[in-house]
Amino acid sequence: MTQSTLTDTGQSLARPDGVQGFVTDWSSDQRAFKNVPWGKAMMWIFLLSDTFIFSCFLLSYMTVRMSTTVEWPIPSEVFALSFGGEPIPLILIAIMTFILISSSGTMAMAVKFGYERNRRMSAILMLVTALFGASFVGMQAFEWTKLIVDEGVRPWANPMGAPQFGSVFFMVTGFHGFHVSIGVIFLFAIARKTWRGDYDRQAPGFFTSRKGSYESVEVMGLYWHFVDLVWVFIFAVFYLW
Amino acid sequence: MTQSSDTAHVEGQQHPIGIYFKIWGLLFVLSAGSYAVDYYHLESYLRWSLILIFMMLKAGLIVAFFMHMRWERLALIYAITLPPVLVLVFVALMTFEADYTLFTRGTFFSAAQ
């Protein structure tokens, strides 16, 4: 006769901290990420994979830029704007950077108010975040229009110098702008659910039927901060190089 | 600043709002710093070390505080932050590759121009 082994000791096991905790967590049964809800763990893993995608983009940019014999356009002149006077170098990109950082700040606070069950503040801050994001995309559209219509830059050609400038610029900023746009759409959706009180009532999700919880706001926040994070790298290596 | 592991699952990440304002301010200062590097036309090694330092500091602040990585358990921190470090190997490979391509272009194709 087979006997099942009793694995549940009836009390929660000790959860050590530090390196020992790392080993214990990873060698334990079923769950490696002990106090992390799976939605959040999956978002982190998705962001890790997205990190590799953007790494590949920026690496291919580095490779073509280092190996081209044609002169590369100077970004601080290409992206200069004049407000009636002398053109200010890179000013549009600087404004976009500050807007995205601010949107990250409001998002972090939205997460905080969400966990405090202050649904109105949380929803308002997420709407502010979404508006910052939308204005970022708007400025990017302006920048693209300027480059395509006024300067004649194309993904395959560039009157200012190396043709790779066009292809890299449209690919990298396009992919990032796409991420921002998707983020804005999801921010509106999550803000709406928060405002309605779905997460207070634990209303089941439309697709997943899982119980709603403020964890969704934090997962949304992770995605949004990642978009900001990618911009940090694009700003440094594409616009400042 | 470590949270109790038992309540974390239920309560999630909760930290005083002042932290977010401080990080926000720091990110503004760092961004202004990297913009200043370009604005004042710093060149060469100074330019590059400043740009990369500001970049890594900003990325670190965002991940550690805004994304709450600082308060997570090591199991998650290592799983997420260590794999991207390997990208540096890729960076090294592509640096060699780009140098080689530039060398061949300079040596064999410059006459044709």
# chains A, B, ... in the order shown; residues from 1 in each chain; ligands from 1
$ interface_residues --of "chain A" --to "chain B" --cutoff "6 Å" --atoms "only C-alpha atoms" --output "PyMOL selection string"
chain A and resi 22+35+63+66-67+105+108+112+222+229
$ write_last_selection --atoms "C-alpha atoms" --output "PDB file, in the first residue's frame"
ATOM      1  CA  PHE A  22      18.400  33.534  -2.434  1.00  0.00           C
ATOM      2  CA  ASN A  35       6.454  37.301  -1.880  1.00  0.00           C
ATOM      3  CA  THR A  63      27.979  48.725 -34.783  1.00  0.00           C
ATOM      4  CA  MET A  66      31.361  52.739 -35.507  1.00  0.00           C
ATOM      5  CA  SER A  67      31.887  51.094 -38.875  1.00  0.00           C
ATOM      6  CA  GLY A 105       7.257  60.167 -10.799  1.00  0.00           C
ATOM      7  CA  ALA A 108       5.250  55.770  -8.770  1.00  0.00           C
ATOM      8  CA  LYS A 112       1.619  54.114  -3.682  1.00  0.00           C
ATOM      9  CA  LEU A 222       6.665  48.493 -13.788  1.00  0.00           C
ATOM     10  CA  LEU A 229      14.372  53.401 -18.396  1.00  0.00           C
TER      11      LEU A 229
END
$ residues_around --residues "Ile148 in chain A" --least-positions-apart "3" --cutoff "12 Å" --atoms "only C-alpha atoms" --output "PyMOL selection string"
chain A and resi 141-145+151-159+166-167+169-170
$ atom_distance --atom1 "CA of Ala36 in chain B" --atom2 "CA of Ser60 in chain A"
26.9 Å
$ atom_distance --atom1 "CA of Gly133 in chain A" --atom2 "CA of Arg201 in chain A"
28.6 Å
$ closest_residue --among "A:Thr97, A:Ser49, A:Ser181, A:Thr208" --to "Phe233 in chain A" --atoms "only C-alpha atoms"
A:Thr97
$ select_by_dssp --residues "range 20-237 of chain A" --states "helix (DSSP H, G or I)" --output "number ranges by chain"
A: 20-27, 38-67, 75-78, 91-115, 119-150, 164-196, 198-201, 215-237
$ residues_around --residues "Phe113 in chain A" --least-positions-apart "4" --cutoff "10 Å" --atoms "only C-alpha atoms" --output "list in words"
Met107, Ala108, Met109, Arg117, Asn118, Arg119, Arg120, Met121, Ser122, Ala123, Leu125, Tyr214 and Val217 of chain A; Gln14 and Ile17 of chain B
$ write_last_selection --atoms "N, CA and C atoms" --output "short mmCIF file (atom, residue, chain, number, x, y, z; two decimals), in the first residue's frame"
data_model
loop_
_atom_site.label_atom_id
_atom_site.label_comp_id
_atom_site.auth_asym_id
_atom_site.auth_seq_id
_atom_site.Cartn_x
_atom_site.Cartn_y
_atom_site.Cartn_z
N MET A 107 3.61 58.17 -11.83
CA MET A 107 3.22 56.76 -11.84
C MET A 107 3.60 56.09 -10.51
N ALA A 108 4.81 56.37 -10.04
CA ALA A 108 5.25 55.77 -8.77
C ALA A 108 4.29 56.15 -7.65
N MET A 109 3.82 57.40 -7.68
CA MET A 109 2.89 57.83 -6.63
C MET A 109 1.52 57.18 -6.81
N ARG A 117 -5.28 52.20 -0.98
CA ARG A 117 -6.70 52.15 -1.31
C ARG A 117 -7.30 53.53 -1.49
N ASN A 118 -6.49 54.46 -1.93
CA ASN A 118 -6.98 55.79 -2.25
C ASN A 118 -7.21 55.80 -3.75
N ARG A 119 -8.38 55.29 -4.18
CA ARG A 119 -8.53 55.01 -5.61
C ARG A 119 -8.61 56.26 -6.45
N ARG A 120 -9.18 57.34 -5.90
CA ARG A 120 -9.30 58.57 -6.71
C ARG A 120 -7.94 59.18 -7.00
N MET A 121 -7.11 59.32 -5.95
CA MET A 121 -5.77 59.87 -6.17
C MET A 121 -4.99 58.99 -7.15
N SER A 122 -5.11 57.67 -6.95
CA SER A 122 -4.38 56.74 -7.81
C SER A 122 -4.80 56.92 -9.27
N ALA A 123 -6.12 57.00 -9.50
CA ALA A 123 -6.61 57.12 -10.88
C ALA A 123 -6.21 58.46 -11.48
N LEU A 125 -3.61 60.32 -10.71
CA LEU A 125 -2.18 60.32 -11.02
C LEU A 125 -1.88 59.49 -12.26
N TYR A 214 -5.02 45.78 -6.46
CA TYR A 214 -4.15 46.92 -6.77
C TYR A 214 -2.78 46.51 -7.28
N VAL A 217 -2.03 47.84 -10.61
CA VAL A 217 -1.47 49.18 -10.74
C VAL A 217 0.05 49.11 -10.66
N GLN B 14 4.76 49.51 -0.10
CA GLN B 14 4.33 50.80 0.43
C GLN B 14 5.50 51.54 1.05
N ILE B 17 5.90 58.83 0.60
CA ILE B 17 5.85 59.53 -0.69
C ILE B 17 7.10 60.39 -0.90
#
$ closest_residue --among "A:Arg210, A:His176, A:Lys193, A:Lys34" --to "Thr51 in chain A" --atoms "only C-alpha atoms"
A:His176
$ closest_residue --among "A:Pro163, A:Lys211, A:Phe178, A:Phe238" --to "Thr68 in chain A" --atoms "only C-alpha atoms"
A:Pro163
$ residues_around --residues "Ala80 in chain A" --least-positions-apart "6" --cutoff "9 Å" --atoms "only C-alpha atoms" --output "PyMOL selection string"
chain A and resi 87-93
$ atom_distance --atom1 "CA of Met160 in chain A" --atom2 "CA of Glu43 in chain B"
21.9 Å
$ residues_around --residues "Arg192 in chain A" --least-positions-apart "3" --cutoff "12 Å" --atoms "only C-alpha atoms" --output "ChimeraX atom specification"
/A:119-120,122-127,130,185-189,195-199,217
$ write_last_selection --atoms "N, CA, C and O atoms" --output "mmCIF file, in the first residue's frame"
data_model
loop_
_atom_site.group_PDB
_atom_site.id
_atom_site.type_symbol
_atom_site.label_atom_id
_atom_site.label_comp_id
_atom_site.auth_asym_id
_atom_site.auth_seq_id
_atom_site.Cartn_x
_atom_site.Cartn_y
_atom_site.Cartn_z
ATOM 1 N N ARG A 119 -8.380 55.287 -4.184
ATOM 2 C CA ARG A 119 -8.532 55.007 -5.607
ATOM 3 C C ARG A 119 -8.610 56.264 -6.454
ATOM 4 O O ARG A 119 -8.148 56.292 -7.587
ATOM 5 N N ARG A 120 -9.179 57.345 -5.903
ATOM 6 C CA ARG A 120 -9.299 58.565 -6.708
ATOM 7 C C ARG A 120 -7.937 59.176 -7.001
ATOM 8 O O ARG A 120 -7.624 59.497 -8.144
ATOM 9 N N SER A 122 -5.107 57.666 -6.947
ATOM 10 C CA SER A 122 -4.384 56.744 -7.807
ATOM 11 C C SER A 122 -4.797 56.917 -9.268
ATOM 12 O O SER A 122 -3.955 57.021 -10.162
ATOM 13 N N ALA A 123 -6.119 56.997 -9.500
ATOM 14 C CA ALA A 123 -6.614 57.123 -10.878
ATOM 15 C C ALA A 123 -6.207 58.464 -11.477
ATOM 16 O O ALA A 123 -5.786 58.534 -12.641
ATOM 17 N N ILE A 124 -6.298 59.537 -10.671
ATOM 18 C CA ILE A 124 -5.936 60.866 -11.188
ATOM 19 C C ILE A 124 -4.459 60.887 -11.579
ATOM 20 O O ILE A 124 -4.087 61.362 -12.657
ATOM 21 N N LEU A 125 -3.606 60.324 -10.709
ATOM 22 C CA LEU A 125 -2.179 60.322 -11.019
ATOM 23 C C LEU A 125 -1.884 59.490 -12.260
ATOM 24 O O LEU A 125 -1.005 59.828 -13.055
ATOM 25 N N MET A 126 -2.627 58.402 -12.442
ATOM 26 C CA MET A 126 -2.414 57.602 -13.654
ATOM 27 C C MET A 126 -2.857 58.369 -14.887
ATOM 28 O O MET A 126 -2.217 58.288 -15.948
ATOM 29 N N LEU A 127 -3.938 59.151 -14.765
ATOM 30 C CA LEU A 127 -4.365 59.973 -15.904
ATOM 31 C C LEU A 127 -3.315 61.023 -16.227
ATOM 32 O O LEU A 127 -3.016 61.270 -17.402
ATOM 33 N N ALA A 130 -0.657 59.347 -18.059
ATOM 34 C CA ALA A 130 -1.058 59.068 -19.441
ATOM 35 C C ALA A 130 -0.959 60.337 -20.285
ATOM 36 O O ALA A 130 -0.535 60.286 -21.448
ATOM 37 N N ILE A 185 -2.347 53.694 -23.647
ATOM 38 C CA ILE A 185 -3.651 53.027 -23.777
ATOM 39 C C ILE A 185 -3.964 52.213 -22.520
ATOM 40 O O ILE A 185 -5.057 52.290 -21.952
ATOM 41 N N PHE A 186 -2.959 51.462 -22.047
ATOM 42 C CA PHE A 186 -3.200 50.645 -20.863
ATOM 43 C C PHE A 186 -3.395 51.497 -19.615
ATOM 44 O O PHE A 186 -4.172 51.145 -18.728
ATOM 45 N N LEU A 187 -2.689 52.643 -19.563
ATOM 46 C CA LEU A 187 -2.874 53.537 -18.414
ATOM 47 C C LEU A 187 -4.322 54.005 -18.330
ATOM 48 O O LEU A 187 -4.908 54.042 -17.246
ATOM 49 N N PHE A 188 -4.896 54.365 -19.485
ATOM 50 C CA PHE A 188 -6.295 54.792 -19.470
ATOM 51 C C PHE A 188 -7.187 53.657 -18.979
ATOM 52 O O PHE A 188 -8.100 53.865 -18.173
ATOM 53 N N ALA A 189 -6.909 52.442 -19.446
ATOM 54 C CA ALA A 189 -7.747 51.303 -19.054
ATOM 55 C C ALA A 189 -7.643 51.037 -17.555
ATOM 56 O O ALA A 189 -8.661 50.866 -16.858
ATOM 57 N N TRP A 195 -10.655 53.944 -10.954
ATOM 58 C CA TRP A 195 -11.657 54.965 -10.628
ATOM 59 C C TRP A 195 -12.999 54.320 -10.295
ATOM 60 O O TRP A 195 -13.692 54.725 -9.358
ATOM 61 N N ARG A 196 -13.359 53.288 -11.057
ATOM 62 C CA ARG A 196 -14.627 52.579 -10.821
ATOM 63 C C ARG A 196 -14.630 51.800 -9.521
ATOM 64 O O ARG A 196 -15.671 51.354 -9.063
ATOM 65 N N GLY A 197 -13.430 51.556 -8.969
ATOM 66 C CA GLY A 197 -13.349 50.768 -7.745
ATOM 67 C C GLY A 197 -13.294 49.271 -7.981
ATOM 68 O O GLY A 197 -13.607 48.489 -7.087
ATOM 69 N N ASP A 198 -12.911 48.853 -9.181
ATOM 70 C CA ASP A 198 -12.828 47.421 -9.476
ATOM 71 C C ASP A 198 -11.895 46.694 -8.519
ATOM 72 O O ASP A 198 -12.135 45.541 -8.157
ATOM 73 N N TYR A 199 -10.801 47.386 -8.140
ATOM 74 C CA TYR A 199 -9.795 46.708 -7.317
ATOM 75 C C TYR A 199 -10.210 46.681 -5.858
ATOM 76 O O TYR A 199 -9.721 45.866 -5.087
ATOM 77 N N VAL A 217 -2.034 47.837 -10.613
ATOM 78 C CA VAL A 217 -1.472 49.180 -10.739
ATOM 79 C C VAL A 217 0.046 49.112 -10.660
ATOM 80 O O VAL A 217 0.749 49.782 -11.412
#
